[in-house]
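> Dropping in query36.txt, with compact mmCIF, C-alpha atoms and all ligand atoms.
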# COMPACT_ATOMS: atom_id res chain seq x y z
CA MET R 1 120.55 46.53 120.74
CA PRO R 2 118.73 48.75 118.17
CA ILE R 3 120.13 52.23 117.68
CA LYS R 4 117.70 54.94 118.87
CA PRO R 5 117.22 57.56 116.12
CA LYS R 6 118.63 60.98 117.07
CA SER R 7 115.87 63.60 117.52
CA PRO R 8 116.24 66.51 115.06
CA SER R 9 118.09 69.57 116.27
CA LYS R 10 116.50 73.04 116.24
CA LEU R 11 118.41 73.89 113.08
CA GLU R 12 117.28 70.70 111.33
CA LYS R 13 113.66 71.48 112.23
CA ALA R 14 114.01 75.04 110.89
CA MET R 15 115.53 73.71 107.67
CA ALA R 16 112.57 71.36 107.24
CA THR R 17 110.13 74.28 107.65
CA LYS R 18 109.82 76.80 104.84
CA LEU R 19 110.75 80.23 106.11
CA MET R 20 109.82 83.72 104.96
CA HIS R 21 110.82 87.30 105.68
CA ALA R 22 108.49 89.09 108.11
CA VAL R 23 108.54 92.44 109.89
CA GLN R 24 107.58 92.13 113.54
CA TYR R 25 107.71 93.79 116.93
CA ASP R 26 108.00 92.03 120.23
CA SER R 27 107.00 94.70 122.74
CA TYR R 28 104.83 97.80 123.04
CA GLY R 29 106.09 101.08 121.60
CA GLY R 30 109.39 101.76 119.90
CA GLY R 31 108.06 103.23 116.63
CA PRO R 32 110.02 102.33 113.49
CA ALA R 33 113.05 101.28 115.58
CA GLY R 34 110.84 98.70 117.31
CA LEU R 35 110.32 96.82 114.02
CA LYS R 36 112.56 93.79 113.53
CA HIS R 37 113.21 91.78 110.38
CA ALA R 38 112.84 88.07 111.06
CA GLU R 39 112.77 84.73 109.28
CA VAL R 40 109.63 82.91 110.37
CA PRO R 41 107.69 79.87 109.12
CA ILE R 42 105.29 80.43 106.21
CA PRO R 43 101.78 80.12 107.68
CA ALA R 44 99.42 77.38 106.49
CA PRO R 45 95.87 78.24 105.40
CA LYS R 46 93.15 76.61 107.49
CA LYS R 47 89.51 76.05 106.59
CA GLY R 48 88.10 79.08 104.73
CA GLU R 49 91.54 80.70 104.38
CA LEU R 50 93.99 81.46 101.56
CA LEU R 51 97.77 81.67 101.56
CA VAL R 52 98.67 84.95 99.84
CA LYS R 53 102.05 86.00 98.44
CA LEU R 54 102.58 89.68 99.13
CA GLU R 55 102.70 92.21 96.33
CA ALA R 56 101.75 95.34 98.29
CA VAL R 57 100.51 96.25 101.76
CA SER R 58 99.47 99.70 102.93
CA ILE R 59 100.25 101.20 106.32
CA ASN R 60 97.46 102.75 108.37
CA PRO R 61 97.79 104.85 111.54
CA TYR R 62 95.97 102.05 113.35
CA ASP R 63 99.01 99.79 112.73
CA TRP R 64 101.32 101.94 114.86
CA LYS R 65 98.54 102.78 117.33
CA ILE R 66 98.33 99.02 117.99
CA GLN R 67 102.12 98.92 118.41
CA ASN R 68 101.67 101.57 121.11
CA GLY R 69 99.11 99.24 122.68
CA VAL R 70 95.34 99.27 122.26
CA ARG R 71 95.13 97.49 125.61
CA PRO R 72 93.68 95.10 126.57
CA PHE R 73 92.60 94.23 123.02
CA TYR R 74 95.68 94.42 120.78
CA PRO R 75 98.19 93.08 120.16
CA HIS R 76 97.06 89.67 121.38
CA LYS R 77 100.58 88.33 121.70
CA PHE R 78 104.21 89.03 120.83
CA PRO R 79 105.94 88.85 118.46
CA HIS R 80 103.26 90.54 116.35
CA THR R 81 103.47 90.91 112.57
CA PRO R 82 101.45 94.04 111.74
CA GLY R 83 99.70 94.93 108.48
CA THR R 84 96.09 94.40 107.44
CA ASP R 85 95.60 95.74 103.89
CA VAL R 86 97.21 93.26 101.52
CA ALA R 87 97.20 92.83 97.75
CA GLY R 88 98.86 89.76 96.34
CA GLU R 89 98.56 86.40 94.64
CA VAL R 90 96.84 83.31 95.99
CA ILE R 91 99.36 80.48 96.43
CA GLU R 92 97.25 77.85 98.13
CA VAL R 93 93.67 77.56 99.39
CA GLY R 94 92.45 75.90 102.57
CA GLN R 95 89.61 73.43 102.89
CA GLY R 96 86.21 74.71 101.80
CA VAL R 97 87.48 77.67 99.76
CA ASN R 98 85.49 77.77 96.53
CA SER R 99 85.76 81.28 95.13
CA PHE R 100 89.56 81.45 94.73
CA LYS R 101 92.34 79.27 93.37
CA ALA R 102 96.13 79.41 93.19
CA GLY R 103 97.28 82.16 90.84
CA ASP R 104 94.33 84.53 91.47
CA LYS R 105 95.17 88.18 92.13
CA ILE R 106 93.35 89.48 95.16
CA VAL R 107 93.07 92.22 97.74
CA THR R 108 92.15 91.38 101.30
CA LEU R 109 91.73 92.76 104.79
CA HIS R 110 93.37 90.91 107.67
CA SER R 111 91.97 91.44 111.16
CA HIS R 112 93.72 93.90 113.45
CA ALA R 113 94.04 91.09 116.00
CA THR R 114 96.11 88.83 113.75
CA GLY R 115 97.72 91.33 111.35
CA GLY R 116 100.33 89.42 109.37
CA GLY R 117 100.50 91.65 106.28
CA LEU R 118 104.08 92.91 106.58
CA ALA R 119 105.50 89.57 105.46
CA GLU R 120 106.26 87.74 102.24
CA PHE R 121 103.25 85.50 102.82
CA SER R 122 100.13 85.82 104.95
CA VAL R 123 96.89 84.01 105.52
CA ALA R 124 93.65 85.72 104.46
CA LYS R 125 90.02 84.92 105.21
CA GLU R 126 88.01 84.10 102.08
CA SER R 127 85.17 86.12 103.63
CA MET R 128 87.26 89.34 103.48
CA THR R 129 89.01 88.75 100.15
CA VAL R 130 88.04 90.09 96.74
CA THR R 131 89.35 89.57 93.22
CA ARG R 132 91.67 92.24 91.87
CA PRO R 133 91.23 92.89 88.15
CA PRO R 134 94.34 93.54 86.00
CA GLU R 135 93.41 97.23 85.63
CA VAL R 136 93.99 97.76 89.38
CA SER R 137 97.63 97.60 90.48
CA ALA R 138 98.61 95.88 93.71
CA ALA R 139 99.56 99.22 95.30
CA GLU R 140 96.27 100.87 94.29
CA ALA R 141 94.31 97.94 95.70
CA ALA R 142 96.31 97.76 98.94
CA GLY R 143 95.33 101.34 99.74
CA LEU R 144 91.64 100.54 99.79
CA PRO R 145 90.55 98.17 102.60
CA VAL R 146 90.83 100.30 105.76
CA ALA R 147 91.15 103.84 104.38
CA GLY R 148 88.71 103.47 101.46
CA GLY R 149 86.32 101.32 103.48
CA THR R 150 86.26 103.87 106.31
CA ALA R 151 85.72 106.82 103.96
CA LEU R 152 82.84 104.95 102.33
CA GLN R 153 81.14 104.04 105.63
CA ALA R 154 81.59 107.58 107.00
CA LEU R 155 79.86 109.04 103.94
CA ILE R 156 77.02 106.53 104.22
CA VAL R 157 76.54 107.62 107.85
CA ALA R 158 76.70 111.23 106.59
CA GLY R 159 73.72 110.45 104.38
CA VAL R 160 75.53 110.69 101.03
CA LYS R 161 74.11 108.39 98.35
CA LEU R 162 77.14 107.12 96.45
CA ASP R 163 75.22 106.73 93.20
CA GLY R 164 74.52 110.45 93.27
CA THR R 165 70.74 110.08 93.45
CA GLY R 166 70.20 111.81 96.80
CA LYS R 167 69.56 115.46 97.56
CA GLN R 168 72.84 117.39 97.35
CA LYS R 169 74.56 117.66 100.74
CA ASN R 170 77.23 120.08 101.90
CA ILE R 171 80.05 118.00 103.31
CA LEU R 172 83.21 119.11 105.10
CA ILE R 173 86.17 116.71 105.00
CA ILE R 174 88.82 117.58 107.60
CA ALA R 175 92.35 116.32 106.76
CA ALA R 176 91.46 115.69 103.14
CA SER R 177 94.98 114.93 101.89
CA GLY R 178 95.59 111.81 104.00
CA GLY R 179 94.72 108.17 103.38
CA VAL R 180 91.07 108.30 104.48
CA GLY R 181 90.54 111.95 103.51
CA HIS R 182 91.64 111.64 99.88
CA TYR R 183 89.18 108.77 99.31
CA ALA R 184 86.44 110.63 101.21
CA VAL R 185 86.71 113.70 98.93
CA GLN R 186 86.45 111.58 95.78
CA LEU R 187 83.58 109.44 97.08
CA ALA R 188 81.64 112.48 98.30
CA ARG R 189 81.94 114.04 94.84
CA LEU R 190 80.73 110.78 93.27
CA GLY R 191 77.75 111.10 95.60
CA ASN R 192 77.05 114.56 94.18
CA ALA R 193 77.98 116.36 97.43
CA HIS R 194 79.32 119.90 97.56
CA VAL R 195 82.70 119.28 99.19
CA THR R 196 84.63 121.69 101.37
CA ALA R 197 87.95 120.30 102.54
CA THR R 198 90.75 121.25 104.91
CA CYS R 199 94.41 120.39 104.41
CA GLY R 200 97.88 121.91 104.73
CA ALA R 201 98.86 124.74 102.33
CA ARG R 202 101.10 122.47 100.22
CA ASN R 203 98.19 120.13 99.47
CA ILE R 204 95.54 122.67 98.40
CA GLU R 205 95.96 122.06 94.65
CA PHE R 206 96.11 118.29 95.23
CA VAL R 207 92.82 118.28 97.15
CA LYS R 208 91.18 120.46 94.48
CA SER R 209 92.35 117.95 91.87
CA LEU R 210 90.47 115.22 93.78
CA GLY R 211 87.27 117.19 93.20
CA ALA R 212 86.85 119.37 96.30
CA ASP R 213 84.80 122.47 95.53
CA GLU R 214 86.36 124.64 98.25
CA VAL R 215 89.61 124.06 100.13
CA LEU R 216 90.79 125.65 103.37
CA ASP R 217 94.36 125.75 104.67
CA TYR R 218 93.97 124.42 108.22
CA LYS R 219 96.58 126.88 109.54
CA THR R 220 94.60 130.01 108.53
CA PRO R 221 91.96 131.61 110.83
CA ASP R 222 89.15 130.50 108.46
CA GLY R 223 90.62 127.00 108.29
CA GLU R 224 90.87 126.78 112.08
CA ALA R 225 87.29 128.02 112.37
CA LEU R 226 86.19 125.53 109.62
CA ARG R 227 84.40 128.44 107.89
CA SER R 228 83.19 127.68 104.38
CA PRO R 229 84.51 130.34 101.94
CA SER R 230 81.07 130.47 100.29
CA GLY R 231 79.26 130.72 103.63
CA ARG R 232 77.62 127.28 103.33
CA LYS R 233 76.52 125.38 106.42
CA TYR R 234 77.60 121.74 106.48
CA ASP R 235 75.07 118.88 106.55
CA ALA R 236 77.87 116.57 107.64
CA VAL R 237 81.51 116.76 108.65
CA VAL R 238 83.98 113.87 108.46
CA ASN R 239 87.00 114.50 110.67
CA CYS R 240 89.87 112.39 109.28
CA ALA R 241 92.67 114.10 111.25
CA THR R 242 94.80 111.82 113.38
CA THR R 243 95.38 113.90 116.49
CA LEU R 244 93.12 116.89 116.23
CA THR R 245 90.48 117.53 118.87
CA ILE R 246 88.07 120.18 117.64
CA PRO R 247 85.76 121.64 120.28
CA TRP R 248 82.02 121.41 119.60
CA SER R 249 81.89 125.22 119.81
CA THR R 250 84.00 125.35 116.61
CA TYR R 251 81.78 122.95 114.68
CA LYS R 252 78.42 124.25 115.86
CA PRO R 253 78.14 127.65 114.07
CA ASN R 254 79.08 125.96 110.76
CA LEU R 255 76.41 123.27 110.86
CA SER R 256 72.98 123.00 109.27
CA GLU R 257 70.03 122.16 111.51
CA LYS R 258 70.35 118.35 111.57
CA ALA R 259 74.04 118.01 110.83
CA LYS R 260 76.19 115.04 111.84
CA VAL R 261 79.86 115.39 112.72
CA ILE R 262 81.65 112.07 112.33
CA ASP R 263 84.87 111.75 114.30
CA LEU R 264 87.12 108.91 113.10
CA SER R 265 89.68 109.27 115.91
CA PRO R 266 87.35 109.79 118.86
CA GLY R 267 88.68 110.49 122.32
CA GLY R 268 86.91 110.97 125.65
CA ILE R 269 85.52 114.40 124.72
CA THR R 270 83.83 113.01 121.60
CA PHE R 271 82.21 110.16 123.54
CA PHE R 272 81.07 112.58 126.26
CA THR R 273 79.60 115.05 123.71
CA PHE R 274 77.94 112.18 121.81
CA ALA R 275 76.24 110.99 125.02
CA LEU R 276 75.21 114.54 125.90
CA HIS R 277 73.66 115.06 122.45
CA LYS R 278 71.75 111.79 122.79
CA ILE R 279 70.25 112.55 126.19
CA THR R 280 69.37 116.13 125.24
CA PHE R 281 67.83 115.04 121.88
CA SER R 282 70.15 117.46 120.09
CA LYS R 283 69.42 117.72 116.36
CA LYS R 284 73.09 118.39 115.59
CA GLN R 285 75.21 115.44 116.63
CA LEU R 286 78.86 114.61 117.20
CA MET R 287 79.32 110.90 116.51
CA PRO R 288 82.32 108.67 117.18
CA MET R 289 82.75 106.12 114.39
CA ILE R 290 84.72 102.89 114.23
CA ALA R 291 84.36 101.39 110.76
CA SER R 292 83.59 97.71 110.31
CA PRO R 293 84.73 96.95 106.77
CA LYS R 294 82.61 94.68 104.60
CA LYS R 295 83.64 92.49 101.68
CA GLU R 296 80.96 93.89 99.37
CA GLU R 297 82.14 97.43 100.09
CA LEU R 298 85.73 96.47 99.23
CA GLU R 299 84.41 94.92 96.01
CA TYR R 300 82.59 98.16 95.26
CA LEU R 301 85.74 100.24 95.84
CA VAL R 302 87.87 97.97 93.64
CA LYS R 303 85.29 98.34 90.87
CA LEU R 304 85.34 102.13 91.18
CA VAL R 305 89.14 102.07 90.75
CA LYS R 306 88.83 99.68 87.79
CA ASP R 307 86.27 101.99 86.16
CA GLY R 308 88.50 105.04 86.67
CA LYS R 309 86.04 106.68 89.10
CA LEU R 310 88.28 106.49 92.17
CA LYS R 311 92.03 106.63 92.49
CA THR R 312 94.50 105.64 95.14
CA VAL R 313 97.15 108.32 95.38
CA ILE R 314 100.44 106.85 96.51
CA ASP R 315 102.37 108.96 99.00
CA SER R 316 105.41 106.71 98.90
CA ASN R 317 106.55 103.16 98.15
CA HIS R 318 108.91 101.26 100.41
CA PRO R 319 110.44 97.80 99.96
CA LEU R 320 109.60 95.23 102.65
CA SER R 321 113.28 95.31 103.66
CA LYS R 322 112.78 99.01 104.57
CA ALA R 323 109.20 98.82 105.91
CA GLU R 324 110.30 100.87 108.93
CA ASP R 325 110.70 103.94 106.66
CA GLY R 326 107.01 103.77 105.67
CA TRP R 327 106.07 103.13 109.30
CA GLY R 328 107.96 106.25 110.43
CA LYS R 329 106.35 108.31 107.67
CA SER R 330 102.89 107.28 108.83
CA ILE R 331 103.75 108.19 112.43
CA ASP R 332 104.92 111.64 111.20
CA GLY R 333 101.27 112.19 110.16
CA HIS R 334 101.77 114.04 106.89
CA ALA R 335 101.08 111.43 104.25
CA THR R 336 99.56 112.65 100.99
CA GLY R 337 97.45 109.62 100.06
CA LYS R 338 98.61 106.12 100.99
CA ILE R 339 101.93 104.76 102.21
CA ILE R 340 102.70 101.45 100.50
CA VAL R 341 105.18 98.67 101.26
CA GLU R 342 105.95 96.33 98.36
CA SER R 343 107.59 92.94 98.26
N1 LIG P 1 87.44 105.07 113.09
C1 LIG P 1 87.90 104.26 112.16
O1 LIG P 1 87.30 103.22 111.86
C2 LIG P 1 89.16 104.65 111.42
C3 LIG P 1 89.53 103.96 110.26
C4 LIG P 1 90.65 104.41 109.57
C5 LIG P 1 91.41 105.47 110.08
N2 LIG P 1 91.04 106.06 111.25
C6 LIG P 1 91.79 107.15 111.83
O2 LIG P 1 91.65 108.29 111.00
C7 LIG P 1 92.82 109.10 111.11
C8 LIG P 1 93.34 109.43 109.72
O3 LIG P 1 93.80 108.25 109.09
P1 LIG P 1 94.59 108.37 107.71
O4 LIG P 1 94.89 106.99 107.29
O5 LIG P 1 93.86 109.25 106.80
O6 LIG P 1 95.91 109.13 108.21
P2 LIG P 1 97.07 109.78 107.34
O7 LIG P 1 97.10 109.14 106.01
O8 LIG P 1 98.28 109.76 108.18
O9 LIG P 1 96.62 111.30 107.08
C9 LIG P 1 96.79 112.28 108.00
C10 LIG P 1 96.47 113.60 107.31
O10 LIG P 1 96.08 114.53 108.28
C11 LIG P 1 96.42 115.82 107.80
N3 LIG P 1 96.35 116.73 108.92
C12 LIG P 1 97.08 116.70 110.05
N4 LIG P 1 96.65 117.67 110.88
C13 LIG P 1 95.62 118.31 110.24
C14 LIG P 1 94.78 119.40 110.56
N5 LIG P 1 94.89 120.05 111.71
N6 LIG P 1 93.80 119.76 109.68
C15 LIG P 1 93.69 119.14 108.49
N7 LIG P 1 94.50 118.12 108.11
C16 LIG P 1 95.43 117.71 109.00
C17 LIG P 1 97.77 115.61 107.20
O11 LIG P 1 98.01 116.64 106.26
P3 LIG P 1 99.32 117.61 106.33
O12 LIG P 1 100.44 116.81 105.79
O13 LIG P 1 98.97 118.75 105.46
O14 LIG P 1 99.50 117.99 107.78
C18 LIG P 1 97.62 114.23 106.55
O15 LIG P 1 97.26 114.38 105.20
C19 LIG P 1 93.79 108.29 111.99
O16 LIG P 1 93.72 108.73 113.33
C20 LIG P 1 93.27 106.87 111.88
O17 LIG P 1 93.63 106.06 112.97
C21 LIG P 1 89.92 105.66 111.92
As structure tokens, please, write out the structure in this file.
Ligand SMILES: NC(=O)c1ccc[n+]([C@@H]2O[C@H](COP(=O)([O-])OP(=O)(O)OC[C@H]3O[C@@H](n4cnc5c(N)ncnc54)[C@H](OP(=O)(O)O)[C@@H]3O)[C@@H](O)[C@H]2O)c1


Amino acid sequence: MPIKPKSPSKLEKAMATKLMHAVQYDSYGGGPAGLKHAEVPIPAPKKGELLVKLEAVSINPYDWKIQNGVRPFYPHKFPHTPGTDVAGEVIEVGQGVNSFKAGDKIVTLHSHATGGGLAEFSVAKESMTVTRPPEVSAAEAAGLPVAGGTALQALIVAGVKLDGTGKQKNILIIAASGGVGHYAVQLARLGNAHVTATCGARNIEFVKSLGADEVLDYKTPDGEALRSPSGRKYDAVVNCATTLTIPWSTYKPNLSEKAKVIDLSPGGITFFTFALHKITFSKKQLMPMIASPKKEELEYLVKLVKDGKLKTVIDSNHPLSKAEDGWGKSIDGHATGKIIVES
């Protein structure tokens, strides 16, 4: 009688699969303590995808907001490996990928639904991946996709022409020292705007060094009232603060006739005010904004960094084995620039 081959045990199967280090969570909430270090299979790139070896990934507030549950949308399933903004090296390309090959240095944006960036390897879409030139470090590039892309789109909505050809606008950037804010100040200056910015007292000199013309400490009466030291009215405001609800009555006296206030962390009050402004044909408008990053905009940002026109300021660097430290720092809400996790 022939001997029936023994089916492989779980351990044998795991040994046959190549494993990698990943940082995951398997339930809602828990903050940094909810992150677990796991050995999981290296993903395989499908059609139109690339397998990327991690060099650097930045942490965005949206990462831990998703951990808290953006229900019913995210996360789609547990365990979830968070992280969207990845710089690294292409290891393998899937079917139909023409613009990249193994060995290329890239920066990419994973979707919030899949995440995957806080791991030694992740799978990127060719359609959201751009080449990273040698002049741009992995950490500098990893800061760009969400924070830089959002700052850029907010300024476009604000009516700033990034090539500096438009009429000069007065722009207020609220929370100018954080990830989005520090890019927004630099991009607004590139667009020839007069920039007023708010930040904490310890960051005033930093925000001036980014190019802001006037800086307000948000804890002073003028800072709280958003009053421009030179008495200017703002043509647009970009609110980059994470948990700050500013009443319309505070914005209104500081605005020019057709000003737009762009709220990047909109809550119910923003949506209500936005609707009210629409139905009353208000010239001054409060607008909720959810950015939808584009490949060509990421390309543009990478080029600005390469040309020395934009910089990514690194708040802190954390090894993947200590990713929870960077996660906790982001939750604390006082980053100066970008929080980076490196392989
Ligand atoms: N809508 C979208 O598409 C979109 C995209 C990206 C990000 N976001 C959201 O935008 C927000 C900011 O993101 P981020 O990456 O820039 O966060 P971040 O890097 O954590 O920056 C937060 C900054 O806010 C400052 N801050 C806190 N309270 C402030 C106040 N009252 N006035 C002025 N500054 C204040 C902090 O400065 P101090 O240390 O001085 O307190 C810190 O620099 C988050 O809520 C994020 O989810 C939205």

> Contacts between ligand LIG 1 (chain P) and chain R, please, where a residue of chain R counts if it comes within 7 Å (with only C-alpha atoms and all ligand atoms); show its shortest atom pair and distance in Å to one decimal, rows by chain and ascending number, as a Markdown table.


| residue | atom | partner | partner_atom | distance |
| --- | --- | --- | --- | --- |
| R:Asn60 | CA | P:LIG1 | O4 | 5.1 |
| R:Pro61 | CA | P:LIG1 | O17 | 4.6 |
| R:Tyr62 | CA | P:LIG1 | O17 | 4.7 |
| R:Val146 | CA | P:LIG1 | C4 | 5.6 |
| R:Ala147 | CA | P:LIG1 | C4 | 5.2 |
| R:Thr150 | CA | P:LIG1 | C3 | 5.1 |
| R:Ile174 | CA | P:LIG1 | C15 | 5.2 |
| R:Ala175 | CA | P:LIG1 | N7 | 3.1 |
| R:Ala176 | CA | P:LIG1 | O15 | 6.3 |
| R:Ser177 | CA | P:LIG1 | O15 | 4.1 |
| R:Gly178 | CA | P:LIG1 | O9 | 3.3 |
| R:Gly179 | CA | P:LIG1 | O7 | 3.7 |
| R:Val180 | CA | P:LIG1 | O5 | 3.8 |
| R:Gly181 | CA | P:LIG1 | O5 | 5.4 |
| R:Thr198 | CA | P:LIG1 | C15 | 5.1 |
| R:Cys199 | CA | P:LIG1 | C15 | 4.3 |
| R:Gly200 | CA | P:LIG1 | O13 | 3.4 |
| R:Ala201 | CA | P:LIG1 | O13 | 6.8 |
| R:Arg202 | CA | P:LIG1 | O13 | 6.8 |
| R:Asn203 | CA | P:LIG1 | O13 | 6.2 |
| R:Tyr218 | CA | P:LIG1 | N6 | 4.9 |
| R:Cys240 | CA | P:LIG1 | C8 | 4.6 |
| R:Ala241 | CA | P:LIG1 | O10 | 4.5 |
| R:Thr242 | CA | P:LIG1 | O16 | 3.3 |
| R:Thr243 | CA | P:LIG1 | O16 | 6.3 |
| R:Leu244 | CA | P:LIG1 | N5 | 5.8 |
| R:Leu264 | CA | P:LIG1 | N1 | 3.9 |
| R:Ser265 | CA | P:LIG1 | O16 | 4.8 |
| R:Met289 | CA | P:LIG1 | N1 | 5.0 |
| R:Ile290 | CA | P:LIG1 | O1 | 3.5 |
| R:Ala291 | CA | P:LIG1 | O1 | 3.6 |
| R:Ser292 | CA | P:LIG1 | O1 | 6.8 |
| R:Ser330 | CA | P:LIG1 | O8 | 5.3 |
| R:Gly333 | CA | P:LIG1 | O8 | 4.3 |
| R:His334 | CA | P:LIG1 | O12 | 3.3 |
| R:Ala335 | CA | P:LIG1 | O7 | 4.9 |
| R:Thr336 | CA | P:LIG1 | O15 | 5.1 |
| R:Gly337 | CA | P:LIG1 | O7 | 6.0 |
| R:Lys338 | CA | P:LIG1 | O7 | 6.0 |

> Of the candidates R:Ser122, R:Gln24, R:Ser209, R:Gln186, which shows the shortest atom-to-atom distance to Ala87 in chain R, using only C-alpha atoms?

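When distances to Ala87 in chain R are compared using only C-alpha atoms, the smallest one comes from R:Ser122.
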
> Mind pulling up the distance from CA of Lys233 in chain R to CA of Val160 in chain R?

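CA of Val160 in chain R sits 15.7 Å away from CA of Lys233 in chain R.
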
> Just want the 9 Å neighbourhood of Arg189 in chain R, counted on all atoms listed in the file, with same-chain residues fewer than 3 positions away dropped. Output as a PyMOL selection string.

chain R and resi 162+164+184-186+192-195+210-213

> Store the residues of this selection in a file with C-alpha atoms, as a short mmCIF file (atom, residue, chain, number, x, y, z; two decimals), in the coordinates of the input.


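Listed below is the output, out00.cif:
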data_model
loop_
_atom_site.label_atom_id
_atom_site.label_comp_id
_atom_site.auth_asym_id
_atom_site.auth_seq_id
_atom_site.Cartn_x
_atom_site.Cartn_y
_atom_site.Cartn_z
CA LEU R 162 77.14 107.12 96.45
CA GLY R 164 74.52 110.45 93.27
CA ALA R 184 86.44 110.63 101.21
CA VAL R 185 86.71 113.70 98.93
CA GLN R 186 86.45 111.58 95.78
CA ASN R 192 77.05 114.56 94.18
CA ALA R 193 77.98 116.36 97.43
CA HIS R 194 79.32 119.90 97.56
CA VAL R 195 82.70 119.28 99.19
CA LEU R 210 90.47 115.22 93.78
CA GLY R 211 87.27 117.19 93.20
CA ALA R 212 86.85 119.37 96.30
CA ASP R 213 84.80 122.47 95.53
#

> Quick one: distance from CA of Thr84 in chain R to CA of Gly48 in chain R in Å, one decimal?

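Value for the CA of Thr84 in chain R-CA of Gly48 in chain R distance: 17.5 Å.
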
> My list of candidates is R:Leu226, R:Ile171, R:Leu320, R:Ile269. Which is closest to Leu155 in chain R when distances are computed with all atoms listed in the file?

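With all atoms listed in the file as the atom set, the closest residue is R:Ile171.
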
> Rounded to one decimal place, report the CA of Leu298 in chain R-CA of Ser127 in chain R distance in Å.

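If I compute the distance from CA of Leu298 in chain R to CA of Ser127 in chain R, I get 11.3 Å.
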
> Using all atoms listed in the file, find the one residue out of R:Thr250, R:Ser27, R:Ser58, R:Thr129 that sits nearest to Val313 in chain R.

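Using all atoms listed in the file, the shortest distance to Val313 in chain R belongs to R:Ser58.
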
> So, counting only C-alpha atoms, which residue among R:Lys36, R:Lys77, R:Lys53, R:Lys306 is closest to Gly117 in chain R?

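Checking each candidate against Gly117 in chain R, we get R:Lys53 as the closest.
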
> I'd like the contact shell of range 135-144 of chain R - 8 Å cut-off, only C-alpha atoms, skipping same-chain residues fewer than 5 positions apart - returned as a list in words.

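So, after excluding close chain neighbours, the residues are Glu55, Ala56, Val57, Ser58, Asp85, Val86, Ala87, Gly88, Val107, Thr108, Gly149, Gly179, Leu298, Leu301, Val302, Val305, Lys306, Lys311, Thr312, Val313, Ile314, Lys338, Ile339, Ile340 and Glu342 of chain R.
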
> R:Asp163, R:Glu257, R:Asp104, R:Asp332: which is nearest Ser282 in chain R, counting all atoms listed in the file?

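Closest to Ser282 in chain R of all the choices is R:Glu257.
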
> Ranking R:Thr273, R:Thr17, R:Leu118, R:Lys167 by minimum distance to Ser343 in chain R and counting only C-alpha atoms, which one comes first?

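Result for the nearest residue to Ser343 in chain R: R:Leu118.
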
> So that I can see what lies close to Ala113 in chain R, please list as a ChimeraX atom specification the residues with an atom at most 10 Å from it, counting only C-alpha atoms and leaving out residues fewer than 4 positions away in the same chain.

/R:66,73-77,80,82,84

> Residues near Thr196 in chain R, anyone? I mean within 8 Å using all atoms listed in the file, not counting same-chain ones fewer than 3 positions away, as a PyMOL selection string.

chain R and resi 170-173+212-216+228

> Could you give me the axis-aligned bounding box of range 111-122 of chain R, with 4 Å of padding per side, as centre plus edge lengths in Å to one decimal, as JSON?


{"center_x": 99.1, "center_y": 89.7, "center_z": 109.1, "size_x": 22.3, "size_y": 16.4, "size_z": 21.8}
